[in-house]
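Engineer: Contents of my_file.txt (compact mmCIF, C-alpha atoms and all ligand atoms) are below:
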# COMPACT_ATOMS: atom_id res chain seq x y z
CA MET A 14 0.12 -9.97 30.17
CA SER A 15 -2.10 -12.30 28.09
CA ASP A 16 -4.93 -14.34 29.63
CA PRO A 17 -4.26 -18.10 30.02
CA VAL A 18 -5.27 -19.89 26.83
CA GLU A 19 -7.64 -22.26 28.69
CA SER A 20 -9.87 -19.28 29.45
CA GLY A 21 -10.42 -18.44 25.79
CA LYS A 22 -13.81 -18.92 24.12
CA LYS A 23 -14.32 -20.14 20.58
CA ILE A 24 -14.03 -17.39 17.96
CA PRO A 25 -17.48 -16.42 16.63
CA THR A 26 -18.24 -16.92 12.93
CA ASP A 27 -19.85 -14.25 10.77
CA THR A 28 -22.04 -15.64 7.99
CA LEU A 29 -23.74 -12.38 7.06
CA THR A 30 -20.86 -10.77 5.21
CA THR A 31 -20.41 -11.56 1.52
CA ILE A 32 -17.44 -10.95 -0.77
CA GLU A 33 -19.57 -8.40 -2.65
CA MET A 34 -20.12 -6.45 0.58
CA LEU A 35 -16.38 -6.42 1.23
CA GLU A 36 -15.64 -5.35 -2.33
CA ASN A 37 -18.26 -2.61 -2.50
CA ASP A 38 -18.67 -1.25 1.01
CA PRO A 39 -16.11 -2.63 3.46
CA ARG A 40 -16.58 0.33 5.85
CA GLN A 41 -20.08 -0.76 6.76
CA VAL A 42 -18.98 -4.35 7.27
CA TYR A 43 -16.06 -3.39 9.50
CA ALA A 44 -18.14 -0.90 11.52
CA ARG A 45 -20.58 -3.71 12.36
CA LEU A 46 -17.82 -6.17 13.16
CA ARG A 47 -15.92 -3.67 15.35
CA GLN A 48 -19.07 -3.19 17.36
CA LEU A 49 -20.36 -6.77 17.60
CA THR A 50 -17.54 -9.25 16.97
CA PRO A 51 -14.18 -7.47 16.61
CA ILE A 52 -12.29 -10.76 16.29
CA VAL A 53 -14.26 -13.07 14.04
CA ARG A 54 -14.10 -15.82 11.46
CA LEU A 55 -15.54 -14.68 8.13
CA SER A 56 -17.35 -17.44 6.24
CA ALA A 57 -16.95 -15.37 3.09
CA LEU A 58 -13.18 -15.74 3.44
CA GLY A 59 -13.27 -19.48 4.02
CA GLY A 60 -13.39 -19.05 7.81
CA ARG A 61 -10.31 -16.83 8.04
CA ILE A 62 -9.94 -14.94 11.34
CA ILE A 63 -9.89 -11.16 11.00
CA PHE A 64 -9.01 -8.41 13.50
CA THR A 65 -10.85 -5.12 13.11
CA LYS A 66 -10.02 -2.99 16.18
CA ALA A 67 -7.07 -0.55 15.99
CA ALA A 68 -5.39 -1.86 19.16
CA ASP A 69 -5.65 -5.47 17.97
CA VAL A 70 -4.37 -4.71 14.46
CA LYS A 71 -1.39 -2.97 16.03
CA ARG A 72 -0.78 -5.90 18.35
CA VAL A 73 -0.89 -8.44 15.52
CA LYS A 74 1.78 -6.40 13.70
CA THR A 75 4.01 -5.75 16.70
CA ASP A 76 3.75 -8.78 19.03
CA SER A 77 6.42 -11.00 17.51
CA VAL A 78 6.07 -13.62 20.26
CA HIS A 79 2.56 -14.57 19.14
CA PHE A 80 2.43 -13.45 15.52
CA GLY A 81 4.85 -13.90 12.63
CA SER A 82 5.10 -13.55 8.87
CA HIS A 83 7.20 -16.58 7.99
CA ASP A 84 5.20 -18.70 5.58
CA ILE A 85 6.38 -20.64 2.55
CA THR A 86 3.06 -22.28 1.79
CA THR A 87 1.25 -19.29 0.27
CA PRO A 88 0.83 -18.67 -3.48
CA MET A 89 2.99 -15.57 -2.99
CA GLN A 90 6.21 -17.58 -3.13
CA ARG A 91 5.29 -19.03 -6.49
CA ALA A 92 3.97 -15.72 -7.82
CA PHE A 93 7.12 -13.79 -6.84
CA GLY A 94 9.51 -16.54 -7.93
CA GLY A 95 10.98 -16.85 -4.42
CA HIS A 96 10.59 -16.29 -0.71
CA THR A 97 10.36 -12.50 -0.20
CA LEU A 98 11.42 -10.55 2.87
CA MET A 99 7.77 -9.85 3.59
CA ARG A 100 7.12 -13.48 4.52
CA LYS A 101 10.21 -13.93 6.70
CA ASP A 102 10.87 -13.27 10.38
CA GLY A 103 13.81 -12.48 12.63
CA CYS A 104 17.39 -12.21 11.36
CA PRO A 105 16.79 -13.39 7.76
CA HIS A 106 14.09 -10.72 7.41
CA LEU A 107 16.21 -8.02 9.02
CA ARG A 108 19.21 -8.77 6.83
CA GLU A 109 17.14 -8.31 3.67
CA ARG A 110 15.31 -5.26 4.96
CA ARG A 111 18.63 -3.60 5.81
CA ALA A 112 19.78 -4.14 2.23
CA MET A 113 17.04 -1.78 0.99
CA GLU A 114 16.76 0.69 3.83
CA PRO A 115 19.61 3.05 2.79
CA ALA A 116 17.78 3.77 -0.48
CA LEU A 117 14.53 4.71 1.23
CA ASN A 118 15.51 6.72 4.29
CA PRO A 119 14.28 10.34 4.49
CA ASP A 120 17.66 11.93 3.60
CA GLN A 121 18.36 9.67 0.67
CA ILE A 122 14.99 10.07 -1.02
CA GLN A 123 15.31 13.89 -0.96
CA LYS A 124 17.82 13.56 -3.77
CA TRP A 125 15.00 12.46 -6.06
CA LYS A 126 12.96 15.60 -5.47
CA PRO A 127 14.27 17.58 -8.49
CA ALA A 128 13.60 14.63 -10.79
CA PHE A 129 10.12 14.14 -9.30
CA GLU A 130 9.44 17.83 -9.96
CA VAL A 131 10.41 17.49 -13.60
CA LEU A 132 8.15 14.45 -13.92
CA VAL A 133 5.14 16.17 -12.33
CA ASP A 134 5.66 19.39 -14.33
CA ARG A 135 5.62 17.37 -17.53
CA LEU A 136 2.41 15.56 -16.59
CA ILE A 137 0.72 18.80 -15.59
CA GLU A 138 1.66 20.47 -18.88
CA ASN A 139 0.15 17.50 -20.73
CA LEU A 140 -3.06 17.89 -18.72
CA ALA A 141 -3.26 21.59 -19.48
CA SER A 142 -3.99 21.02 -23.17
CA ASN A 143 -7.52 19.86 -22.26
CA SER A 144 -10.34 21.33 -20.21
CA THR A 145 -11.24 18.01 -18.57
CA ALA A 146 -9.23 14.94 -17.59
CA ASN A 147 -9.51 11.56 -16.00
CA LEU A 148 -6.83 11.86 -13.32
CA TYR A 149 -6.68 8.08 -12.99
CA SER A 150 -5.16 7.56 -16.42
CA ALA A 151 -3.79 11.03 -17.19
CA PHE A 152 -2.07 11.80 -13.89
CA ALA A 153 -1.93 9.18 -11.12
CA THR A 154 -0.95 6.24 -13.35
CA PRO A 155 1.97 7.88 -15.23
CA LEU A 156 3.11 9.68 -12.09
CA THR A 157 3.32 6.39 -10.21
CA ALA A 158 5.17 4.59 -12.99
CA GLY A 159 7.57 7.52 -13.44
CA TYR A 160 8.55 8.12 -9.81
CA LEU A 161 8.88 4.40 -9.06
CA SER A 162 11.13 3.82 -12.08
CA LEU A 163 13.48 6.47 -10.71
CA LEU A 164 13.31 5.35 -7.10
CA LEU A 165 13.68 1.65 -7.84
CA GLY A 166 16.41 2.21 -10.42
CA LEU A 167 14.71 1.07 -13.62
CA ASP A 168 15.27 2.61 -17.01
CA TYR A 169 12.38 4.71 -18.31
CA ILE A 170 11.70 2.10 -21.01
CA TYR A 171 10.38 -0.22 -18.29
CA GLU A 172 7.87 2.34 -16.94
CA LYS A 173 5.12 1.14 -19.21
CA HIS A 174 5.38 -2.41 -17.83
CA LEU A 175 5.10 -1.56 -14.14
CA PHE A 176 1.31 -1.76 -13.81
CA ASP A 177 1.09 -5.04 -15.73
CA TRP A 178 3.87 -6.52 -13.61
CA ALA A 179 2.29 -5.31 -10.37
CA SER A 180 -1.11 -6.70 -11.27
CA ALA A 181 0.39 -10.06 -12.34
CA LEU A 182 2.24 -10.31 -9.01
CA VAL A 183 -0.79 -9.34 -6.95
CA ARG A 184 -3.13 -11.69 -8.75
CA GLY A 185 -0.58 -14.48 -8.42
CA ALA A 186 -0.11 -13.80 -4.69
CA MET A 187 -3.88 -14.00 -4.16
CA ASN A 188 -4.22 -17.17 -6.26
CA SER A 189 -5.28 -19.31 -3.31
CA GLY A 190 -6.72 -21.97 -5.65
CA PHE A 191 -3.26 -22.27 -7.30
CA ASP A 192 -4.88 -21.83 -10.74
CA PRO A 193 -2.16 -22.53 -13.36
CA ALA A 194 -3.60 -19.93 -15.77
CA ILE A 195 -3.05 -17.17 -13.20
CA PHE A 196 0.46 -18.39 -12.44
CA ALA A 197 1.22 -18.45 -16.18
CA ILE A 198 0.69 -14.67 -16.19
CA SER A 199 2.87 -14.10 -13.12
CA ASP A 200 5.53 -16.45 -14.56
CA LEU A 201 5.74 -14.34 -17.70
CA ALA A 202 5.94 -11.14 -15.64
CA ASN A 203 8.69 -12.74 -13.53
CA LYS A 204 10.66 -13.57 -16.65
CA GLU A 205 10.40 -9.99 -17.91
CA MET A 206 11.22 -8.49 -14.51
CA ASN A 207 14.24 -10.74 -13.98
CA ALA A 208 15.63 -9.75 -17.38
CA CYS A 209 15.02 -6.08 -16.58
CA PHE A 210 16.63 -6.27 -13.12
CA ASP A 211 19.64 -8.21 -14.41
CA GLN A 212 20.27 -5.64 -17.10
CA MET A 213 19.83 -2.74 -14.69
CA ILE A 214 22.14 -4.32 -12.10
CA MET A 215 25.00 -4.18 -14.61
CA GLN A 216 24.31 -0.48 -15.17
CA LYS A 217 24.02 0.27 -11.44
CA LYS A 218 27.32 -1.46 -10.73
CA ALA A 219 28.97 0.71 -13.36
CA SER A 220 27.29 3.90 -12.14
CA PRO A 221 25.60 3.71 -8.72
CA ASP A 222 22.74 6.19 -8.24
CA GLY A 223 21.24 5.54 -4.78
CA SER A 224 18.14 3.80 -6.16
CA VAL A 225 16.80 0.67 -4.44
CA LEU A 226 18.35 -1.65 -7.01
CA SER A 227 21.65 0.21 -7.01
CA VAL A 228 21.94 0.13 -3.22
CA MET A 229 21.21 -3.60 -3.09
CA ALA A 230 23.55 -4.45 -5.97
CA ASN A 231 26.44 -2.41 -4.58
CA GLU A 232 26.45 -3.66 -0.99
CA ASP A 233 29.88 -4.91 0.20
CA GLU A 234 28.38 -8.36 0.63
CA PRO A 235 25.26 -8.27 -1.53
CA LEU A 236 22.29 -10.58 -1.22
CA SER A 237 22.14 -13.35 -3.83
CA LEU A 238 20.86 -12.34 -7.26
CA ALA A 239 17.73 -14.44 -6.65
CA GLN A 240 17.00 -12.55 -3.45
CA ILE A 241 17.61 -9.12 -4.97
CA ARG A 242 15.20 -9.97 -7.77
CA THR A 243 12.54 -11.29 -5.40
CA ASN A 244 12.65 -8.29 -3.08
CA MET A 245 12.60 -5.86 -6.00
CA LYS A 246 9.27 -7.49 -6.84
CA ILE A 247 7.96 -6.48 -3.41
CA CYS A 248 8.67 -2.88 -4.39
CA VAL A 249 6.70 -3.42 -7.61
CA GLY A 250 3.82 -5.55 -6.29
CA GLY A 251 3.63 -3.51 -3.06
CA ALA A 252 4.02 0.06 -4.28
CA VAL A 253 2.59 0.58 -7.76
CA ILE A 254 -1.13 0.02 -7.27
CA GLU A 255 -1.02 1.50 -3.74
CA THR A 256 0.57 4.78 -4.82
CA ARG A 257 -1.92 5.33 -7.63
CA ASP A 258 -4.89 4.46 -5.42
CA ALA A 259 -3.80 6.52 -2.40
CA LEU A 260 -3.08 9.58 -4.52
CA LEU A 261 -6.49 9.34 -6.24
CA SER A 262 -8.34 8.83 -2.94
CA THR A 263 -6.64 11.94 -1.54
CA ILE A 264 -7.42 14.10 -4.57
CA TYR A 265 -11.01 12.89 -4.48
CA GLY A 266 -11.21 13.70 -0.73
CA LEU A 267 -9.97 17.24 -1.42
CA LEU A 268 -12.24 17.84 -4.41
CA SER A 269 -15.25 16.61 -2.41
CA ASN A 270 -14.38 19.10 0.34
CA PRO A 271 -13.59 22.38 -1.44
CA ASP A 272 -13.20 24.31 1.84
CA GLN A 273 -10.39 21.95 2.86
CA LEU A 274 -8.81 22.24 -0.56
CA ARG A 275 -8.89 26.05 -0.34
CA ASN A 276 -7.26 25.79 3.07
CA CYS A 277 -4.44 23.62 1.72
CA ILE A 278 -3.89 25.96 -1.22
CA SER A 279 -3.76 29.07 0.95
CA SER A 280 -1.50 27.52 3.59
CA ASN A 281 0.50 25.50 1.04
CA GLU A 282 0.51 22.68 3.59
CA TRP A 283 -0.12 19.29 2.02
CA GLY A 284 1.24 16.84 4.60
CA PRO A 285 -1.95 16.54 6.69
CA CYS A 286 -4.24 15.95 3.69
CA CYS A 287 -1.77 13.40 2.27
CA ASP A 288 -1.94 11.42 5.51
CA GLU A 289 -5.68 11.87 5.84
CA GLY A 290 -6.10 10.34 2.37
CA LEU A 291 -3.94 7.40 3.47
CA ARG A 292 -6.07 6.94 6.58
CA TRP A 293 -9.41 7.45 4.90
CA VAL A 294 -9.03 4.68 2.32
CA ALA A 295 -6.12 2.35 3.06
CA PRO A 296 -4.89 1.12 -0.34
CA ILE A 297 -3.83 -2.22 1.18
CA GLN A 298 -6.79 -2.99 3.38
CA ALA A 299 -5.40 -5.96 5.33
CA SER A 300 -2.19 -7.92 5.97
CA PRO A 301 -1.80 -11.60 6.86
CA ARG A 302 0.08 -13.06 9.82
CA ILE A 303 0.59 -16.56 11.20
CA VAL A 304 -0.23 -17.30 14.84
CA LYS A 305 3.09 -18.59 16.27
CA LYS A 306 1.72 -19.29 19.74
CA SER A 307 -1.91 -19.58 20.92
CA LEU A 308 -3.22 -16.62 22.89
CA VAL A 309 -6.43 -15.08 24.19
CA MET A 310 -7.53 -11.67 22.98
CA ARG A 311 -10.87 -10.06 23.93
CA GLY A 312 -11.80 -13.34 25.61
CA VAL A 313 -11.42 -15.51 22.51
CA LEU A 314 -8.78 -18.12 21.81
CA ILE A 315 -6.59 -17.45 18.79
CA PRO A 316 -5.18 -20.88 17.93
CA GLU A 317 -1.56 -21.49 16.99
CA GLY A 318 -0.94 -22.18 13.31
CA GLU A 319 -3.90 -20.16 11.98
CA THR A 320 -3.45 -17.49 9.34
CA VAL A 321 -5.12 -14.26 10.46
CA MET A 322 -5.79 -10.94 8.74
CA ALA A 323 -5.07 -7.64 10.48
CA VAL A 324 -7.40 -5.14 8.81
CA GLN A 325 -5.66 -1.77 8.80
CA ALA A 326 -8.54 -0.25 6.82
CA SER A 327 -10.81 -0.98 9.79
CA ALA A 328 -8.24 0.15 12.38
CA ASN A 329 -8.13 3.52 10.62
CA HIS A 330 -11.87 3.96 11.23
CA ASP A 331 -12.03 2.70 14.81
CA GLU A 332 -14.51 4.87 16.75
CA GLU A 333 -12.34 4.57 19.86
CA ILE A 334 -9.70 6.66 18.12
CA TRP A 335 -11.31 8.57 15.29
CA HIS A 336 -14.23 10.97 15.36
CA ARG A 337 -16.46 10.82 12.26
CA ALA A 338 -13.92 8.53 10.64
CA ASP A 339 -15.92 8.15 7.43
CA GLN A 340 -15.36 11.83 6.63
CA PHE A 341 -12.24 13.00 4.86
CA ASP A 342 -10.96 15.69 7.24
CA SER A 343 -7.48 17.05 6.66
CA ARG A 344 -7.81 19.24 9.76
CA ARG A 345 -7.76 16.30 12.17
CA GLU A 346 -5.28 16.67 14.97
CA PHE A 347 -4.41 13.04 15.61
CA ASN A 348 -3.27 11.17 12.57
CA GLU A 349 -1.44 7.98 13.46
CA HIS A 350 -3.08 5.71 10.94
CA GLN A 351 -1.96 2.14 10.24
CA THR A 352 -1.92 2.29 6.46
CA PHE A 353 1.82 1.61 6.28
CA GLY A 354 1.60 -1.18 8.87
CA ASP A 355 3.66 -1.33 12.04
CA GLY A 356 6.43 -3.35 13.67
CA ALA A 357 9.15 -5.29 11.89
CA HIS A 358 7.48 -5.17 8.47
CA GLN A 359 6.35 -1.55 8.49
CA CYS A 360 6.41 -0.18 4.97
CA LEU A 361 9.80 1.07 3.80
CA GLY A 362 8.25 3.36 1.18
CA GLY A 363 6.24 5.81 3.31
CA ASN A 364 8.84 8.59 3.06
CA ALA A 365 9.04 8.29 -0.68
CA TYR A 366 5.25 8.28 -1.06
CA ARG A 367 4.90 11.41 1.11
CA LEU A 368 7.67 13.17 -0.81
CA ILE A 369 6.12 12.65 -4.23
CA VAL A 370 2.54 13.33 -3.08
CA ALA A 371 2.72 15.95 -0.31
CA ASP A 372 5.84 17.83 -1.43
CA VAL A 373 5.53 17.64 -5.20
CA ALA A 374 2.31 16.35 -6.81
CA LEU A 375 -0.44 18.02 -4.77
CA PRO A 376 1.17 21.49 -4.48
CA LYS A 377 2.00 21.57 -8.18
CA LEU A 378 -1.34 20.18 -9.36
CA PHE A 379 -3.44 22.62 -7.36
CA SER A 380 -1.16 25.56 -7.96
CA ARG A 381 -1.66 25.03 -11.72
CA PHE A 382 -5.40 24.19 -11.45
CA PRO A 383 -6.68 25.94 -8.28
CA THR A 384 -10.30 25.81 -9.43
CA MET A 385 -10.30 22.13 -10.38
CA CYS A 386 -13.55 20.35 -9.51
CA LEU A 387 -15.21 16.96 -9.88
CA GLU A 388 -17.21 16.45 -13.05
CA LYS A 389 -20.86 16.64 -12.11
CA ASN A 390 -23.02 13.59 -12.88
CA ARG A 391 -19.93 11.34 -13.07
CA THR A 392 -20.01 9.29 -9.87
CA VAL A 393 -16.62 8.17 -8.57
CA PHE A 394 -16.67 4.52 -7.52
CA PHE A 395 -14.28 2.89 -5.08
CA GLU A 396 -13.62 -0.82 -5.48
CA GLY A 397 -11.67 -3.61 -3.88
CA PHE A 398 -11.37 -5.66 -0.75
CA ALA A 399 -7.63 -6.43 -0.72
CA PHE A 400 -6.57 -3.29 -2.61
CA ARG A 401 -8.90 -0.32 -2.65
CA GLY A 402 -9.13 2.95 -4.54
CA PRO A 403 -11.22 4.92 -7.08
CA THR A 404 -11.74 3.24 -10.43
CA SER A 405 -11.63 6.59 -12.26
CA LEU A 406 -11.48 10.31 -11.39
CA PRO A 407 -13.01 12.60 -14.04
CA VAL A 408 -12.42 16.30 -13.31
CA ILE A 409 -12.89 19.73 -14.84
CA LEU A 410 -9.46 21.31 -14.69
CA ASN A 411 -10.44 24.97 -14.69
CA GLN A 412 -13.84 25.87 -13.40
CA SER A 413 -14.94 29.27 -14.64
CA GLY A 414 -16.89 31.76 -12.53
C1 LIG B 501 0.70 4.38 -0.58
C2 LIG B 501 1.70 3.58 -0.86
C3 LIG B 501 2.06 2.36 -0.05
C4 LIG B 501 1.30 1.65 0.85
C5 LIG B 501 -0.14 1.90 1.28
C6 LIG B 501 2.13 0.59 1.37
C7 LIG B 501 1.74 -0.32 2.34
C8 LIG B 501 2.56 -1.26 2.90
C9 LIG B 501 2.19 -2.13 4.00
C10 LIG B 501 0.84 -2.15 4.70
C11 LIG B 501 3.27 -2.91 4.29
C12 LIG B 501 3.39 -3.91 5.42
C13 LIG B 501 2.80 -5.25 5.06
C14 LIG B 501 2.77 -6.16 6.27
O1 LIG B 501 2.64 -5.70 7.41
O2 LIG B 501 2.83 -7.38 6.07
C15 LIG B 501 4.31 -2.56 3.35
C16 LIG B 501 5.54 -3.16 3.30
C17 LIG B 501 6.52 -2.82 2.40
N1 LIG B 501 6.50 -1.77 1.52
FE1 LIG B 501 4.98 -0.50 1.21
N2 LIG B 501 3.36 0.66 0.75
C18 LIG B 501 3.37 1.74 -0.11
C19 LIG B 501 4.42 2.18 -0.88
C20 LIG B 501 5.66 1.61 -0.91
C21 LIG B 501 6.76 2.09 -1.70
C22 LIG B 501 6.75 3.35 -2.55
C23 LIG B 501 7.80 1.22 -1.50
C24 LIG B 501 9.19 1.23 -2.05
C25 LIG B 501 9.57 1.71 -3.16
C26 LIG B 501 7.34 0.20 -0.58
C27 LIG B 501 8.09 -0.86 -0.14
C28 LIG B 501 7.69 -1.75 0.83
C29 LIG B 501 8.53 -2.85 1.29
C30 LIG B 501 9.92 -3.20 0.80
C31 LIG B 501 7.79 -3.53 2.28
C32 LIG B 501 8.21 -4.77 3.04
C33 LIG B 501 8.85 -4.40 4.35
C34 LIG B 501 9.21 -5.61 5.17
O3 LIG B 501 8.65 -6.70 4.98
O4 LIG B 501 10.09 -5.45 6.03
N3 LIG B 501 6.03 0.47 -0.25
N4 LIG B 501 3.86 -1.55 2.53
Please, can you express the file's structure as structure tokens?

Structural biologist:
Amino acid sequence: MSDPVESGKKIPTDTLTTIEMLENDPRQVYARLRQLTPIVRLSALGGRIIFTKAADVKRVKTDSVHFGSHDITTPMQRAFGGHTLMRKDGCPHLRERRAMEPALNPDQIQKWKPAFEVLVDRLIENLASNSTANLYSAFATPLTAGYLSLLLGLDYIYEKHLFDWASALVRGAMNSGFDPAIFAISDLANKEMNACFDQMIMQKKASPDGSVLSVMANEDEPLSLAQIRTNMKICVGGAVIETRDALLSTIYGLLSNPDQLRNCISSNEWGPCCDEGLRWVAPIQASPRIVKKSLVMRGVLIPEGETVMAVQASANHDEEIWHRADQFDSRREFNEHQTFGDGAHQCLGGNAYRLIVADVALPKLFSRFPTMCLEKNRTVFFEGFAFRGPTSLPVILNQSG
């Protein structure tokens, strides 16, 4: 049971943290906040309330009495050309979520495995013509565009647009100043995406293939065209950058810990390291919620109507749950991270991500290049506060000796 709201103290404000600190080294910031002020207003984020403890992040995502997602005032609606399922609650949300679910359940996505294998084999053969590679551009980026085109139901000719579309959507959704120049870019991306989806819907009606678009378009009573388009954009804006970043963080974690990599190769078990990479650096670091009803948590009053951020990246490093959380350790026993969220809006794409990464990409990559190593003297930088991952990953593919 929650404490009575009258007992709640004012939420403390943190003025020490800067945007640069969040961009460059969020782990240190969150470690301090978890210890001193786990629920806090951050001046650097215009006074936004953030939750940093694992139990609180989980509660924000799962307590639908006090927290909700419904919000039509954010720049996201404009950027996505409509009100997406991600910012809805209750029955309207469930109806739209159910329209996509059949395409993303564990049995259904297995059918893509042969095609994913062909894609990864092709990328690996392209890599093999050189002795070094930047896995950011030569592997993770085309892999992401290729598997998502298949899974979402887009023709291969659209693959090359996916990253531009995703970045236009994300920038638009974060355009809190409602800058028209930023919306002009997302408007153009929306126009291109709508044309692409409309054309693909005709094809999927003629020959259904179990992809996300096909399943939505061929429902007995389909969602409106506007809603299908808008929710397809969630699968672009919410999957493209995240897949690339999570895959790169995982490969970097393995290459920085050669004993763990050797272990994975000899056991041919890639599930634990895939999930450890997801935990270690959450590609989407935080998710917003609206406070539907005031409540007291950890003695402080969380006022109704506020927008709060549940920081899954911090939850995944909470000392109460994780030992030496800053280390990439694929041999951890307990691995219930919050990278895919929780509750009504939990990510629908986790199965697909694990299939392409743990069952196809990692085993094939390291079977072909078992002695791969990081390029010495080329530091790998991680960047980003909302989205986070390595900015490049230069490797030597075959280390001799
Ligand atoms: C590493 C890759 C991914 C990460 C880290 C990720 C993360 C997330 C997170 C944190 C949420 C919940 C947001 C919230 O609580 O407000 C979410 C929702 C969602 N994700 Fe993912 N995602 C990934 C890949 C995918 C893929 C591959 C797809 C589909 C092709 C996908 C489709 C969705 C959809 C449709 C939602 C909205 C669910 C709803 O509102 O009911 N995601 N994702």

Engineer: As JSON, please report the centre and edge lengths, rounded to one decimal in Å, of the axis-aligned box that holds all listed atoms of ligand LIG 501 (chain B) with 4 Å of padding on each of the six sides.

Structural biologist:
{"center_x": 5.0, "center_y": -1.5, "center_z": 2.1, "size_x": 18.2, "size_y": 19.8, "size_z": 18.6}

Engineer: Name the residues in contact with Glu333 (chain A) at a cut-off of 10 Å, using all atoms listed in the file, excluding same-chain residues fewer than 6 positions from it; report them as a list in words.

Structural biologist: Lys66, Ala67 and Ala68 of chain A

Engineer: List as an NGL selection string the protein and nucleic acid residues near Asn270 (chain A), meaning an atom at most 12 Å away when only C-alpha atoms are counted, but skip any in the same chain fewer than 2 places from it.

Structural biologist: :A and (263-268 or 272-277 or 286 or 340-344 or 385-387)

Engineer: Give the answer as one residue: which of A:Ser162, A:Ser380, A:Gln212, A:Ser199 has the shortest atom-to-atom distance to ligand LIG 501 (chain B), using all atoms listed in the file?

Structural biologist: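 Checking each of A:Ser162, A:Ser380, A:Gln212, A:Ser199 against ligand LIG 501 (chain B), counting all atoms listed in the file, the winner is A:Ser162.
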
Engineer: As a ChimeraX atom specification, please: every protein or nucleic acid residue near ligand LIG 501 (chain B) (cut-off 7 Å, counting only C-alpha atoms and all ligand atoms).

Structural biologist: /A:74,98-100,106,110,161,164-165,244,247-248,251-252,255-256,259,291,295-297,300-301,352-355,357-363,365-366
